[in-house]
>>> print(open('query-v7.pdb').read())   # PDB, C-alpha atoms
ATOM      1  CA  MET A  22       0.000   0.000   0.000
ATOM      2  CA  ALA A  23       2.811   2.418   0.920
ATOM      3  CA  PRO A  24       6.016   0.516   0.144
ATOM      4  CA  LYS A  25       8.342   3.423   0.909
ATOM      5  CA  ILE A  26       6.810   4.309   4.270
ATOM      6  CA  SER A  27       5.504   0.993   5.563
ATOM      7  CA  PRO A  28       6.292  -2.036   3.385
ATOM      8  CA  LYS A  29       4.192  -4.491   5.436
ATOM      9  CA  LYS A  30       0.935  -2.585   5.007
ATOM     10  CA  SER A  31      -1.214  -4.053   2.281
ATOM     11  CA  TRP A  32      -4.415  -3.140   0.471
ATOM     12  CA  GLU A  33      -5.801  -6.523   1.611
ATOM     13  CA  GLY A  34      -5.207  -5.481   5.227
ATOM     14  CA  LEU A  35      -6.909  -2.138   4.642
ATOM     15  CA  ILE A  36      -9.921  -3.771   2.990
ATOM     16  CA  GLY A  37     -10.113  -6.337   5.810
ATOM     17  CA  GLY A  38      -9.894  -3.522   8.369
ATOM     18  CA  ALA A  39     -12.565  -1.529   6.544
ATOM     19  CA  LEU A  40     -14.960  -4.491   6.454
ATOM     20  CA  ALA A  41     -14.368  -5.217  10.137
ATOM     21  CA  ALA A  42     -14.828  -1.550  11.072
ATOM     22  CA  VAL A  43     -18.045  -1.190   9.052
ATOM     23  CA  ILE A  44     -19.567  -4.301  10.637
ATOM     24  CA  GLY A  45     -18.174  -3.471  14.087
ATOM     25  CA  GLY A  46     -19.224   0.192  13.854
ATOM     26  CA  ALA A  47     -22.743  -0.742  12.759
ATOM     27  CA  ALA A  48     -23.097  -3.202  15.662
ATOM     28  CA  ILE A  49     -21.500  -0.970  18.325
ATOM     29  CA  PHE A  50     -23.446   2.168  17.461
ATOM     30  CA  HIS A  51     -26.732   0.342  16.881
ATOM     31  CA  TYR A  52     -26.674  -1.614  20.145
ATOM     32  CA  LEU A  53     -24.928   0.874  22.454
ATOM     33  CA  PHE A  54     -26.159   4.213  21.137
ATOM     34  CA  GLU A  55     -29.373   3.208  19.348
ATOM     35  CA  THR A  56     -28.445   4.781  16.027
ATOM     36  CA  THR A  57     -29.406   3.232  12.712
ATOM     37  CA  TRP A  58     -26.902   0.645  11.497
ATOM     38  CA  TYR A  59     -25.687   2.712   8.559
ATOM     39  CA  VAL A  60     -24.674   5.625  10.819
ATOM     40  CA  GLY A  61     -22.456   3.211  12.762
ATOM     41  CA  ALA A  62     -21.142   1.741   9.509
ATOM     42  CA  LEU A  63     -20.234   5.236   8.264
ATOM     43  CA  ILE A  64     -18.464   6.023  11.543
ATOM     44  CA  GLY A  65     -16.580   2.731  11.228
ATOM     45  CA  LEU A  66     -15.538   3.646   7.708
ATOM     46  CA  MET A  67     -14.409   7.099   8.842
ATOM     47  CA  CYS A  68     -12.347   5.482  11.605
ATOM     48  CA  VAL A  69     -10.562   3.255   9.085
ATOM     49  CA  VAL A  70      -9.476   6.357   7.190
ATOM     50  CA  THR A  71      -8.278   8.205  10.306
ATOM     51  CA  ALA A  72      -6.567   5.133  11.807
ATOM     52  CA  THR A  73      -4.764   4.397   8.549
ATOM     53  CA  CYS A  74      -3.636   8.034   8.286
ATOM     54  CA  GLY A  75      -2.350   7.881  11.878
ATOM     55  CA  ASP A  76      -0.548   4.635  11.207
ATOM     56  CA  LEU A  77       1.087   5.931   8.035
ATOM     57  CA  ILE A  78       2.104   9.231   9.634
ATOM     58  CA  GLU A  79       3.710   7.382  12.553
ATOM     59  CA  SER A  80       5.508   5.105  10.070
ATOM     60  CA  ALA A  81       6.708   8.137   8.108
ATOM     61  CA  ILE A  82       8.095   9.718  11.295
ATOM     62  CA  LYS A  83       9.918   6.503  12.199
ATOM     63  CA  ARG A  84      11.273   6.136   8.673
ATOM     64  CA  ASP A  85      12.480   9.740   8.688
ATOM     65  CA  LEU A  86      14.220   9.191  12.019
ATOM     66  CA  ALA A  87      15.479   5.745  10.900
ATOM     67  CA  ILE A  88      14.023   3.823  13.872
ATOM     68  CA  LYS A  89      11.884   0.658  13.934
ATOM     69  CA  ASP A  90      10.007   1.233  17.192
ATOM     70  CA  MET A  91       9.657   4.382  19.277
ATOM     71  CA  SER A  92      10.931   2.430  22.315
ATOM     72  CA  ASN A  93      10.676  -1.059  23.810
ATOM     73  CA  LEU A  94       8.467  -0.125  26.754
ATOM     74  CA  LEU A  95       5.621  -2.449  25.753
ATOM     75  CA  PRO A  96       6.827  -5.981  24.958
ATOM     76  CA  GLY A  97       5.535  -7.117  21.581
ATOM     77  CA  HIS A  98       4.234  -3.649  20.707
ATOM     78  CA  GLY A  99       7.271  -1.371  20.785
ATOM     79  CA  GLY A 100       6.697   1.988  22.397
ATOM     80  CA  ILE A 101       3.672   3.866  23.658
ATOM     81  CA  MET A 102       3.538   5.774  20.388
ATOM     82  CA  ASP A 103       3.465   2.540  18.399
ATOM     83  CA  ARG A 104       0.164   1.746  20.178
ATOM     84  CA  LEU A 105      -1.270   5.250  20.227
ATOM     85  CA  ASP A 106      -0.788   6.318  16.606
ATOM     86  CA  SER A 107      -4.142   5.164  15.229
ATOM     87  CA  ALA A 108      -6.124   5.964  18.384
ATOM     88  CA  LEU A 109      -4.830   9.547  18.489
ATOM     89  CA  PHE A 110      -6.067  10.203  14.971
ATOM     90  CA  THR A 111      -9.338   8.348  15.508
ATOM     91  CA  ALA A 112     -10.382   9.976  18.807
ATOM     92  CA  PRO A 113     -11.257  13.396  17.260
ATOM     93  CA  ALA A 114     -13.279  11.692  14.525
ATOM     94  CA  VAL A 115     -15.226   9.603  17.048
ATOM     95  CA  TRP A 116     -15.787  12.640  19.260
ATOM     96  CA  PHE A 117     -17.067  14.588  16.227
ATOM     97  CA  ALA A 118     -19.358  11.679  15.321
ATOM     98  CA  PHE A 119     -20.871  11.719  18.817
ATOM     99  CA  GLU A 120     -21.410  15.488  18.572
ATOM    100  CA  LEU A 121     -23.233  15.046  15.257
ATOM    101  CA  ILE A 122     -25.338  12.211  16.645
ATOM    102  CA  ASN A 123     -26.281  14.276  19.716
ATOM    103  CA  ARG A 124     -27.211  17.322  17.704
ATOM    104  CA  TYR A 125     -28.862  15.936  14.598
ATOM    105  CA  LEU A 126     -29.985  12.346  15.199
TER     106      LEU A 126
ATOM    107  CA  MET B  18       2.771 -31.592  18.420
ATOM    108  CA  MET B  19       4.807 -29.053  20.473
ATOM    109  CA  ALA B  20       7.254 -28.676  17.600
ATOM    110  CA  ASP B  21       4.300 -27.965  15.329
ATOM    111  CA  LEU B  22       2.972 -25.304  17.726
ATOM    112  CA  HIS B  23       6.407 -23.670  17.982
ATOM    113  CA  ALA B  24       6.748 -23.689  14.210
ATOM    114  CA  ILE B  25       3.304 -22.121  13.811
ATOM    115  CA  ASN B  26       4.117 -19.523  16.481
ATOM    116  CA  ASP B  27       7.420 -18.690  14.747
ATOM    117  CA  ALA B  28       5.623 -18.340  11.423
ATOM    118  CA  ILE B  29       3.042 -16.026  12.990
ATOM    119  CA  ASN B  30       5.727 -13.927  14.705
ATOM    120  CA  LYS B  31       7.652 -13.677  11.454
ATOM    121  CA  ARG B  32       4.559 -12.722   9.520
ATOM    122  CA  ALA B  33       3.350 -10.188  12.117
ATOM    123  CA  GLY B  34       6.845  -8.802  12.703
ATOM    124  CA  ARG B  35       6.247  -8.986  16.466
ATOM    125  CA  LYS B  36       6.069 -11.580  19.239
ATOM    126  CA  LEU B  37       2.419 -12.463  19.469
ATOM    127  CA  LEU B  38       2.042 -13.818  23.018
ATOM    128  CA  PRO B  39       3.647 -10.865  24.885
ATOM    129  CA  SER B  40       1.744  -8.570  22.557
ATOM    130  CA  ILE B  41      -1.599 -10.164  23.525
ATOM    131  CA  LEU B  42      -0.745 -10.100  27.254
ATOM    132  CA  VAL B  43       0.242  -6.420  27.089
ATOM    133  CA  SER B  44      -2.967  -5.630  25.181
ATOM    134  CA  LEU B  45      -5.072  -7.359  27.848
ATOM    135  CA  PHE B  46      -3.199  -5.500  30.603
ATOM    136  CA  LEU B  47      -3.767  -2.165  28.858
ATOM    137  CA  LEU B  48      -7.456  -2.933  28.338
ATOM    138  CA  GLY B  49      -7.738  -3.769  32.040
ATOM    139  CA  LEU B  50      -6.105  -0.454  32.956
ATOM    140  CA  ILE B  51      -8.320   1.560  30.591
ATOM    141  CA  PHE B  52     -11.651   0.055  31.632
ATOM    142  CA  GLY B  53     -10.698  -0.476  35.264
ATOM    143  CA  SER B  54      -9.800   3.182  35.681
ATOM    144  CA  ILE B  55     -12.738   4.701  33.832
ATOM    145  CA  ILE B  56     -15.285   2.472  35.567
ATOM    146  CA  ILE B  57     -13.841   2.906  39.084
ATOM    147  CA  GLU B  58     -13.156   6.657  38.925
ATOM    148  CA  PRO B  59     -12.962   8.906  35.835
ATOM    149  CA  LEU B  60     -10.165  10.932  37.477
ATOM    150  CA  LEU B  61      -8.049   7.760  37.464
ATOM    151  CA  PHE B  62      -8.650   7.547  33.725
ATOM    152  CA  PHE B  63      -7.441  11.131  33.346
ATOM    153  CA  ILE B  64      -4.292  10.245  35.314
ATOM    154  CA  LEU B  65      -3.772   7.154  33.127
ATOM    155  CA  ILE B  66      -4.081   9.207  29.927
ATOM    156  CA  TRP B  67      -1.786  11.892  31.385
ATOM    157  CA  VAL B  68       0.880   9.272  32.188
ATOM    158  CA  VAL B  69       0.546   7.723  28.721
ATOM    159  CA  ILE B  70       0.833  11.110  27.005
ATOM    160  CA  MET B  71       3.871  12.050  29.118
ATOM    161  CA  LEU B  72       5.559   8.769  28.153
ATOM    162  CA  GLY B  73       4.627   9.441  24.532
ATOM    163  CA  VAL B  74       6.125  12.944  24.693
ATOM    164  CA  ARG B  75       9.366  11.534  26.136
ATOM    165  CA  GLU B  76       9.474   8.823  23.483
ATOM    166  CA  LEU B  77       8.942  11.251  20.623
ATOM    167  CA  ALA B  78      11.407  13.798  22.027
ATOM    168  CA  HIS B  79      13.978  11.000  22.392
ATOM    169  CA  ALA B  80      13.285   9.801  18.850
ATOM    170  CA  TYR B  81      13.742  13.356  17.544
ATOM    171  CA  ARG B  82      17.011  13.566  19.481
ATOM    172  CA  THR B  83      18.308  10.514  17.616
ATOM    173  CA  GLY B  84      17.413  12.417  14.442
ATOM    174  CA  GLY B  85      19.501  15.381  15.595
ATOM    175  CA  ILE B  86      16.663  17.614  16.839
ATOM    176  CA  GLU B  87      17.209  18.643  20.468
ATOM    177  CA  LEU B  88      13.975  19.293  22.349
ATOM    178  CA  PRO B  89      13.538  19.970  26.084
ATOM    179  CA  ASP B  90      11.450  17.186  27.666
ATOM    180  CA  LEU B  91      10.330  19.360  30.576
ATOM    181  CA  ALA B  92       8.932  22.181  28.419
ATOM    182  CA  LEU B  93       7.096  19.722  26.179
ATOM    183  CA  MET B  94       5.689  17.784  29.133
ATOM    184  CA  SER B  95       4.580  20.998  30.853
ATOM    185  CA  ALA B  96       2.807  22.213  27.723
ATOM    186  CA  ALA B  97       1.113  18.837  27.259
ATOM    187  CA  SER B  98       0.077  18.762  30.928
ATOM    188  CA  VAL B  99      -1.524  22.224  30.713
ATOM    189  CA  LEU B 100      -3.451  21.176  27.607
ATOM    190  CA  LEU B 101      -4.676  17.934  29.168
ATOM    191  CA  LEU B 102      -5.665  19.563  32.465
ATOM    192  CA  ALA B 103      -7.520  22.370  30.680
ATOM    193  CA  THR B 104      -9.323  19.834  28.484
ATOM    194  CA  TRP B 105     -10.341  17.681  31.455
ATOM    195  CA  PHE B 106     -11.647  20.594  33.505
ATOM    196  CA  ALA B 107     -13.054  22.879  30.772
ATOM    197  CA  ASN B 108     -13.800  20.543  27.831
ATOM    198  CA  THR B 109     -13.596  21.911  24.259
ATOM    199  CA  GLU B 110     -13.172  25.520  25.405
ATOM    200  CA  GLY B 111     -10.317  24.428  27.650
ATOM    201  CA  LEU B 112      -8.673  22.538  24.810
ATOM    202  CA  ALA B 113      -8.990  25.447  22.354
ATOM    203  CA  VAL B 114      -7.916  28.212  24.737
ATOM    204  CA  SER B 115      -5.035  26.247  26.269
ATOM    205  CA  ALA B 116      -3.756  25.342  22.778
ATOM    206  CA  GLY B 117      -3.868  29.006  21.792
ATOM    207  CA  LEU B 118      -1.942  30.036  24.892
ATOM    208  CA  THR B 119       0.412  27.105  25.437
ATOM    209  CA  ILE B 120       1.842  26.698  21.959
ATOM    210  CA  PRO B 121       3.132  30.305  21.606
ATOM    211  CA  ILE B 122       4.593  30.106  25.134
ATOM    212  CA  LEU B 123       6.284  26.830  24.221
ATOM    213  CA  MET B 124       7.760  28.394  21.080
ATOM    214  CA  PHE B 125       9.036  31.390  23.047
ATOM    215  CA  THR B 126      10.558  29.062  25.666
ATOM    216  CA  LEU B 127      12.442  27.259  22.892
ATOM    217  CA  LEU B 128      13.691  30.607  21.603
ATOM    218  CA  LEU B 129      14.930  31.490  25.097
ATOM    219  CA  ILE B 130      16.742  28.162  25.374
ATOM    220  CA  SER B 131      18.535  28.511  22.049
ATOM    221  CA  GLN B 132      18.276  30.424  18.789
ATOM    222  CA  SER B 133      20.011  27.836  16.648
ATOM    223  CA  ASP B 134      17.850  25.615  14.406
ATOM    224  CA  PHE B 135      14.825  27.491  15.709
ATOM    225  CA  ILE B 136      12.432  26.617  12.873
ATOM    226  CA  LYS B 137      13.352  22.954  13.061
ATOM    227  CA  ARG B 138      13.070  22.809  16.850
ATOM    228  CA  SER B 139       9.914  24.902  17.212
ATOM    229  CA  THR B 140       7.957  23.133  14.460
ATOM    230  CA  SER B 141       8.997  19.798  15.961
ATOM    231  CA  ALA B 142       7.900  20.884  19.420
ATOM    232  CA  VAL B 143       4.570  22.210  18.154
ATOM    233  CA  PHE B 144       4.049  19.003  16.204
ATOM    234  CA  ILE B 145       4.708  16.828  19.269
ATOM    235  CA  THR B 146       2.396  18.953  21.421
ATOM    236  CA  PHE B 147      -0.369  18.906  18.846
ATOM    237  CA  TYR B 148       0.068  15.234  17.995
ATOM    238  CA  LEU B 149      -0.033  14.031  21.579
ATOM    239  CA  ALA B 150      -1.763  16.580  23.757
ATOM    240  CA  VAL B 151      -4.313  18.131  21.388
ATOM    241  CA  LEU B 152      -5.302  14.858  19.706
ATOM    242  CA  GLY B 153      -5.024  13.036  23.044
ATOM    243  CA  GLY B 154      -7.314  15.695  24.507
ATOM    244  CA  PHE B 155     -10.129  14.270  22.394
ATOM    245  CA  ILE B 156      -9.811  10.979  24.282
ATOM    246  CA  LEU B 157     -10.450  12.997  27.457
ATOM    247  CA  LEU B 158     -13.383  14.773  25.793
ATOM    248  CA  LEU B 159     -14.884  11.387  24.988
ATOM    249  CA  ALA B 160     -14.371  10.203  28.567
ATOM    250  CA  ASN B 161     -15.546  13.420  30.221
ATOM    251  CA  HIS B 162     -19.219  12.868  29.467
ATOM    252  CA  GLU B 163     -22.069  11.120  31.266
ATOM    253  CA  ASP B 164     -21.705   8.290  28.715
ATOM    254  CA  GLY B 165     -17.912   8.486  28.997
ATOM    255  CA  PRO B 166     -17.176   4.819  29.733
ATOM    256  CA  ILE B 167     -19.408   3.639  26.869
ATOM    257  CA  ARG B 168     -17.859   6.180  24.482
ATOM    258  CA  ILE B 169     -14.383   5.019  25.419
ATOM    259  CA  PHE B 170     -15.559   1.433  24.986
ATOM    260  CA  ALA B 171     -16.817   2.338  21.484
ATOM    261  CA  LEU B 172     -13.448   3.898  20.558
ATOM    262  CA  VAL B 173     -11.442   0.962  21.915
ATOM    263  CA  ALA B 174     -13.795  -1.625  20.399
ATOM    264  CA  LEU B 175     -13.575   0.070  16.988
ATOM    265  CA  MET B 176      -9.773   0.174  17.206
ATOM    266  CA  LEU B 177      -9.687  -3.493  18.193
ATOM    267  CA  VAL B 178     -11.993  -4.771  15.449
ATOM    268  CA  MET B 179     -10.187  -2.639  12.876
ATOM    269  CA  THR B 180      -6.670  -3.713  13.748
ATOM    270  CA  HIS B 181      -6.959  -7.140  15.364
ATOM    271  CA  LEU B 182      -9.852  -8.819  13.557
ATOM    272  CA  PRO B 183      -8.306  -8.674  10.069
ATOM    273  CA  THR B 184      -4.908  -9.643  11.552
ATOM    274  CA  SER B 185      -6.421 -12.629  13.356
ATOM    275  CA  LEU B 186      -8.229 -13.723  10.205
ATOM    276  CA  GLY B 187      -5.004 -13.267   8.245
ATOM    277  CA  LEU B 188      -3.087 -15.317  10.816
ATOM    278  CA  GLN B 189      -5.714 -18.055  10.585
ATOM    279  CA  LEU B 190      -5.044 -18.123   6.857
ATOM    280  CA  VAL B 191      -1.296 -18.369   7.604
ATOM    281  CA  ASN B 192      -2.046 -21.303   9.919
ATOM    282  CA  ILE B 193      -4.156 -23.037   7.291
ATOM    283  CA  SER B 194      -1.520 -22.561   4.584
ATOM    284  CA  TRP B 195       1.175 -23.714   7.053
ATOM    285  CA  HIS B 196      -0.753 -26.912   7.758
ATOM    286  CA  GLN B 197      -1.291 -27.492   4.066
ATOM    287  CA  LYS B 198       2.483 -27.381   3.555
TER     288      LYS B 198
END
>>> encode(input="query-v7.pdb", output="C-alpha cells")
Amino acid sequence: MAPKISPKKSWEGLIGGALAAVIGGAAIFHYLFETTWYVGALIGLMCVVTATCGDLIESAIKRDLAIKDMSNLLPGHGGIMDRLDSALFTAPAVWFAFELINRYL
Amino acid sequence: MMADLHAINDAINKRAGRKLLPSILVSLFLLGLIFGSIIIEPLLFFILIWVVIMLGVRELAHAYRTGGIELPDLALMSAASVLLLATWFANTEGLAVSAGLTIPILMFTLLLISQSDFIKRSTSAVFITFYLAVLGGFILLLANHEDGPIRIFALVALMLVMTHLPTSLGLQLVNISWHQK
C-alpha cells in the first residue's frame, strides 16, 4: 500500500480492516447508542481512514528518524507511540461523530 | 505436536513482525487499565491518559534527538500537561484556549533556550504537542461525558476490530496454509 513508508501494510489489510470496522461500527453504534446501522457503519468507515492516516504518519516519522520502534516499553508492541498512533487520529473523529449524533440524530 | 505449535508460532511472529504472546498479554493488561480506571473513577482515567501522554512525549522527544533535533522534555511535558488539564476541567473551550496560549509560550521558551535551528526545533515541538496533547485531549473529551465509559468502549472496540480482527483472520489463513504445507 505504501512501500516506501511501511512495506508491510497491504491493500488486503486495509480492505479487511474496513470491512471489520463497518460491521463493528454498525453493531457498536446500533446496540450501544441506538443509532441506525448505517450511521455506525459510516463512523466505522471514517475510523478506518483516520486510523490508517495515523498509522502511516507514525511510520513516516519513524522512517524519517530511521528507527523501527519508538521504544521497547511495551513488549511485543514497541513503544507507547506505536500503540497510540491510530487511536490519536481516531479519537477526534469519534468525538465529532458523537457530537453530530447528539445534535442531529 | 509441540514442535508444530512452535513452528506455527514462529511463522506467525515472522509474519506479524512482532512476538504475538507478549503482545496479547500487554494488550489485555492495557485494556484492564483503561476500563478499570474509567469504571472505578474517571479521574483515574485522566491520570492514566496523562501518564501515557507524558511517556509518549518523552518517546517522541527521544526519537527526535536521535534524528539530531534537540527538544527539552520538561517544556514539552509541561505544555502537554496544561493542555490535558484544561481539556479535562473545561472541555472543548479548555482545549482550544489552552492550545492558543500554550503553543506560543512553548515556542518562546524554545527561543529562550537557544536560537540555533529554531524553525526545526519549534515546528517539531509544536508538532509533538499537537500530535499528543491536542489529539489526546479528544480521548479525554470522549471520557468526560455522562456516557464516557461507553464512548471510550466504542473507541477501543472500533480500534480493536479494525486492527486485530483482520490480523487474526489473516493469521488463521497463515495457519491453514502452514498446515497445508
>>> resolve_selection(input="query-v7.pdb", expression="the PyMOL selection byres ((chain B and resi 150) around 7)", output="PyMOL selection string")
chain B and resi 70+97+100-101+146-149+151-154
>>> write_last_selection(input="query-v7.pdb", atoms="C-alpha atoms", output="CSV table (one decimal), in the frame of the given file")
chain,number,residue,atom,x,y,z
B,70,ILE,CA,0.8,11.1,27.0
B,97,ALA,CA,1.1,18.8,27.3
B,100,LEU,CA,-3.5,21.2,27.6
B,101,LEU,CA,-4.7,17.9,29.2
B,146,THR,CA,2.4,19.0,21.4
B,147,PHE,CA,-0.4,18.9,18.8
B,148,TYR,CA,0.1,15.2,18.0
B,149,LEU,CA,0.0,14.0,21.6
B,151,VAL,CA,-4.3,18.1,21.4
B,152,LEU,CA,-5.3,14.9,19.7
B,153,GLY,CA,-5.0,13.0,23.0
B,154,GLY,CA,-7.3,15.7,24.5
>>> interface_residues(input="query-v7.pdb", of="chain A", to="chain B", cutoff="6 Å", atoms="only C-alpha atoms", output="PyMOL selection string")
chain A and resi 37-38+41-42+86+96-98+101-102+109+112-113+116
>>> resolve_selection(input="query-v7.pdb", expression="the PyMOL selection byres ((chain B and resi 126) around 12)", output="ChimeraX atom specification")
/B:88-89,91-93,95-96,119-125,127-132,135,138-139,142-143
>>> axis_aligned_box(input="query-v7.pdb", around="stretch 64-80 of chain A", padding_each_side="5 Å", output="JSON")
{"center_x": -6.5, "center_y": 6.0, "center_z": 9.9, "size_x": 34.0, "size_y": 16.5, "size_z": 15.4}
>>> resolve_selection(input="query-v7.pdb", expression="the PyMOL selection byres ((chain A and resi 69) around 10)", output="JSON, numbers by chain")
{"A": [35, 36, 38, 39, 40, 41, 42, 43, 63, 64, 65, 66, 67, 68, 70, 71, 72, 73, 74, 75, 107, 111], "B": [175, 176, 179, 180]}
>>> atom_distance(input="query-v7.pdb", atom1="atom CA of A:Leu105", atom2="atom CA of A:Tyr59")
27.2 Å
>>> residues_around(input="query-v7.pdb", residues="stretch 27-31 of chain A", least_positions_apart="2", cutoff="9 Å", atoms="only C-alpha atoms", output="PyMOL selection string")
(chain A and resi 22-25+33-36+77+80-81+84) or (chain B and resi 33-34)
>>> atom_distance(input="query-v7.pdb", atom1="atom CA of A:Glu55", atom2="atom CA of A:Ala108")
23.4 Å
>>> closest_residue(input="query-v7.pdb", among="B:Ile64, B:Leu45, B:Ile56, B:Ile86", to="B:Ser133", atoms="all atoms listed in the file")
B:Ile86
